[in-house]
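Here is the structure we will look at, set down as C-alpha cells.
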Amino acid sequence: MKILSVNAGSSSLKFQLYEMPEEKVLISGLMEKIGSKDSFYTIKVNGEKVKKEVELKNHAQAFEALVEELKTNNVADSLDEIKGIGHRVVQGGDYFDKTVVIDDEVLSKIEEFSSLAPLHNPAAVTGIKAAFEVFPNAVQTAVFDTAFHQTMPKENYLYAIPMSWYDEYKVRRYGMHGTSHKFVTERMNEILGRCDTKLITCHIGNGASISAVVNGKCINTSMGLTPNAGLIMGTRCGDIDASIIPYIMEKTGMSPKEIDNALNKESGLLSLTGKSNDIRDITAGIESGDENCILAHKIYVKRIVDYIAKYYVEMNGCDAIVFTAGVGENSINTRREVINRLGSLGITLDEEANDVRVEERLISTKDSKTECWIIPTDEELMIARDTLELI
C-alpha cells in the first residue's frame with residue numbers, strides 16, 4: 001500500500017512516499033523558501049538527488065509541484081494507488097490526543113487552532129485541501145505535534161497565570177515535536193526490549209525540545225504554549241523572564257509583533273554568537289577561538305543539561321537519554337559537552353562511540369549509570385505508520 005507523508009512548515013514542505021508496511025521510500029522531496037523568489041526544491045528517487053530552482057509563491061504551488069514529481073518519476077502506475085496521506089499538523093490544542101482521519105469537523109478545528117500556530121497550521125490546511133482535490137479517494141489523516149504531550153498531568157501543563165486565560169484562551173503548555181519524541185521513544189523501547197521505561201528524549205535541532213517519558217507516555221516537555229519556550233535554539237530565546245517584554249516595549253516603543261519577531265527570529269544562538277545560528281559555524285568558531293561562539297555554546301549546553309537534570313529528578317532516575325534531530329544526531333561536540341556535565345549522575349561518555357553522525361548508536365560507557373543513545377528521528381515514517389494503522 002502506498003502512503004504519502006506530508007510535512008508542511010512555515011516556509012517549507014517535506015514529503016515522502018512509502019510502500020507500506022515494508023516502509024520502503026519510493027520518492028522524497030523538500031521544498032524550501034516557499035513564498036520567496038529564491039525558492040527551490042530537491043527530489044530524491046532511486047538514490048539520485050536533483051535540485052530544481054523554481055518560484056513557489058505559496059504552499060498550494062508547492063503541493064502542485066509535489067504532485068507533478070509523483071507523476072513525472074513514475075513511482076506509481078496511477079495516483080489512485082496512493083491510499084493514504086498523512087499530514088503533519090503543529091497545533092491540535094487540547095482537543096486532539098492522537099492521529100485522526102480528517103473530515104470537515106477536524107479541518108475546522110485545525111483552522112481554529114491556527115491562532116496558536118499562525119505560521120504552521122494555515123500551511124497544513126492548504127496542503128490538506130489540495131490533497132483532497134488531487135486524491136479524493138485517499139484516506140487523509142492529521143498527525144499532531146502536540147498529541148504525544150497530551151498525557152502530561154495538570155501540574156506540568158498549567159501556568160501560574162489568571163485561570164481565565166486558560167479557561168477562555170487555552171493558554172497552557174502544549175509542547176511540540178511530539179511526532180519525533182514518539183518515534184524515538186518507540187525505537188528506544190524496542191532496543192531495551194520493554195515498555196516500562198523512563199526516558200529523556202532530546203530533539204535538538206534549530207528548534208529544540210526535551211521530553212520526560214514514562215512507560216511510553218510523555219509526562220513533561222520543555223516547549224510551552226508555543227515553540228519559543230524551554231531550550232535556547234537557533235534563533236529562539238527559550239525561557240526568559242516575562243517582564244523583559246513590557247520593559248523593552250516601554251524602552252524602545254517596539255510593537256508586540258516586533259517583540260515576537262525578535263524573540264523568535266533574532267535571538268538564541270544567532271544573537272549570542274553575533275553571526276550564526278548554525279551549529280557547524282559555531283563549532284568552527286569554537287575551534288578557531290571565537291569567544292562569542294565559545295560562550296554561546298556554553299550557555300546552550302547548560303540549558304540542555306538543566307532540563308535533563310530536571311527530568312531525571314522528576315522521574316527519580318532514567319533508563320536512557322536519547323539524542324536526535326539535526327544537532328542531536330550530528331554535533332559530536334554538543335553531545336560530548338552535555339554528557340560530560342552529567343557526571344554527577346553517574347553518566348559517562350564513550351568518546352570513540354560518540355565520534356559519529358546520523359547513526360543509531362550507544363554512546364555511553366558500559367559502566368554508565370544511564371545509557372545514552374543517538375537515534376535518528378523520522379517524523380515522516382511515524383506519520384506513515386499512524387496513517388496505515390488508521391486505514
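Residues in the C-alpha cells are named by chain (A, B, ... in the order shown) and by number from 1 within that chain; ligands are numbered from 1 in the order shown.
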Non-local contacts of Ala325 (chain A) (7 Å; only C-alpha atoms; under 2 positions in same chain excluded) as a list in words: His203, Ile204, Gly205, Val327, Gly328, Glu329, Pro376 and Thr377 of chain A
Take the selection from the previous step and output its residues with N, CA and C atoms, as an mmCIF file, in the first residue's frame.
```
data_model
loop_
_atom_site.group_PDB
_atom_site.id
_atom_site.type_symbol
_atom_site.label_atom_id
_atom_site.label_comp_id
_atom_site.auth_asym_id
_atom_site.auth_seq_id
_atom_site.Cartn_x
_atom_site.Cartn_y
_atom_site.Cartn_z
ATOM 1 N N HIS A 203 15.229 16.224 21.386
ATOM 2 C CA HIS A 203 15.117 16.613 19.979
ATOM 3 C C HIS A 203 15.811 17.963 19.860
ATOM 4 N N ILE A 204 17.071 17.928 19.412
ATOM 5 C CA ILE A 204 17.869 19.150 19.397
ATOM 6 C C ILE A 204 18.244 19.491 17.958
ATOM 7 N N GLY A 205 17.579 20.504 17.428
ATOM 8 C CA GLY A 205 17.880 20.991 16.100
ATOM 9 C C GLY A 205 17.854 22.505 16.136
ATOM 10 N N VAL A 327 21.049 18.701 15.379
ATOM 11 C CA VAL A 327 22.200 18.863 16.263
ATOM 12 C C VAL A 327 22.441 17.585 17.059
ATOM 13 N N GLY A 328 21.372 17.007 17.575
ATOM 14 C CA GLY A 328 21.499 15.799 18.383
ATOM 15 C C GLY A 328 22.134 14.644 17.643
ATOM 16 N N GLU A 329 21.865 14.540 16.341
ATOM 17 C CA GLU A 329 22.402 13.448 15.541
ATOM 18 C C GLU A 329 23.782 13.751 14.967
ATOM 19 N N PRO A 376 18.496 8.447 15.133
ATOM 20 C CA PRO A 376 17.986 9.362 14.102
ATOM 21 C C PRO A 376 16.461 9.326 14.050
ATOM 22 N N THR A 377 15.861 10.489 14.047
ATOM 23 C CA THR A 377 14.405 10.558 14.029
ATOM 24 C C THR A 377 13.877 10.433 12.606
#
```
All residues 12 Å or closer to region 310-314 of chain A, only C-alpha atoms, same chain fewer than 4 positions away omitted, as a count of residues only: 31
For Ile240 (chain A), the nearest of the candidates A:Gly35, A:Gly268, A:Asn261, A:Ala124, counting only C-alpha atoms: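 Of A:Gly35, A:Gly268, A:Asn261, A:Ala124, the one nearest Ile240 (chain A) is A:Gly268, counting only C-alpha atoms.
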Residues of region 96-206 of chain A in helix (DSSP H, G or I), written as an NGL selection string: :A and (104-116 or 121-134 or 147-151 or 154-157 or 163-169 or 178-192)
Secondary structure check, strand (DSSP E) residues of region 22-84 of chain A, as a ChimeraX atom specification: /A:24-32,40-45,48-53,82-84
Separation of CA of Ile110 (chain A) from CA of Glu379 (chain A), in Å and rounded to one decimal: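 Interatomic distance, CA of Ile110 (chain A) to CA of Glu379 (chain A): 19.3 Å.
The nearest approach to Asn7 (chain A) among the residues A:Leu192, A:Cys293, A:Ile85, A:Ile259, with only C-alpha atoms taken into account, belongs to A:Ile85.
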Distance criterion (only C-alpha atoms): nearest to Ser180 (chain A) out of A:Glu352, A:Glu389, A:Glu287, A:Asp378: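 Counting only C-alpha atoms, the residue closest to Ser180 (chain A) is A:Asp378.
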Spatial neighbours of Gln61 (chain A), 10 Å, only C-alpha atoms, chain gap at least 5 places, as an NGL selection string: :A and (34-35 or 55-56 or 66-67 or 126-127 or 130)
Selection: 10 Å around Lys33 (chain A), only C-alpha atoms, excl. self and same-chain fewer than 4 positions, as a PyMOL selection string: chain A and resi 10-13+37-41+55-58
Produce a file of the selected residues containing C-alpha atoms, as a PDB file, in the first residue's frame.
```pdb
ATOM      1  CA  SER A  10       6.009  27.809   7.723  1.00  0.00           C
ATOM      2  CA  SER A  11       8.082  28.195   4.530  1.00  0.00           C
ATOM      3  CA  SER A  12       8.795  24.597   3.572  1.00  0.00           C
ATOM      4  CA  LEU A  13       7.109  21.383   2.520  1.00  0.00           C
ATOM      5  CA  LYS A  37      11.811  34.484  -5.145  1.00  0.00           C
ATOM      6  CA  ASP A  38      14.799  32.213  -4.451  1.00  0.00           C
ATOM      7  CA  SER A  39      12.646  29.200  -3.543  1.00  0.00           C
ATOM      8  CA  PHE A  40      13.745  25.763  -4.729  1.00  0.00           C
ATOM      9  CA  TYR A  41      13.235  22.087  -4.072  1.00  0.00           C
ATOM     10  CA  GLU A  55       9.447  30.020  -7.722  1.00  0.00           C
ATOM     11  CA  LEU A  56       6.911  28.643  -5.273  1.00  0.00           C
ATOM     12  CA  LYS A  57       4.689  31.551  -4.302  1.00  0.00           C
ATOM     13  CA  ASN A  58       2.696  29.612  -1.703  1.00  0.00           C
TER      14      ASN A  58
END
```
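Put simply, CA of Asp367 (chain A) is 26.9 Å away from CA of Phe183 (chain A).
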Shell around Val90 (chain A) at 7 Å using only C-alpha atoms, local window under 2 positions removed, as a PyMOL selection string: chain A and resi 88+92+117+120-121+144-146
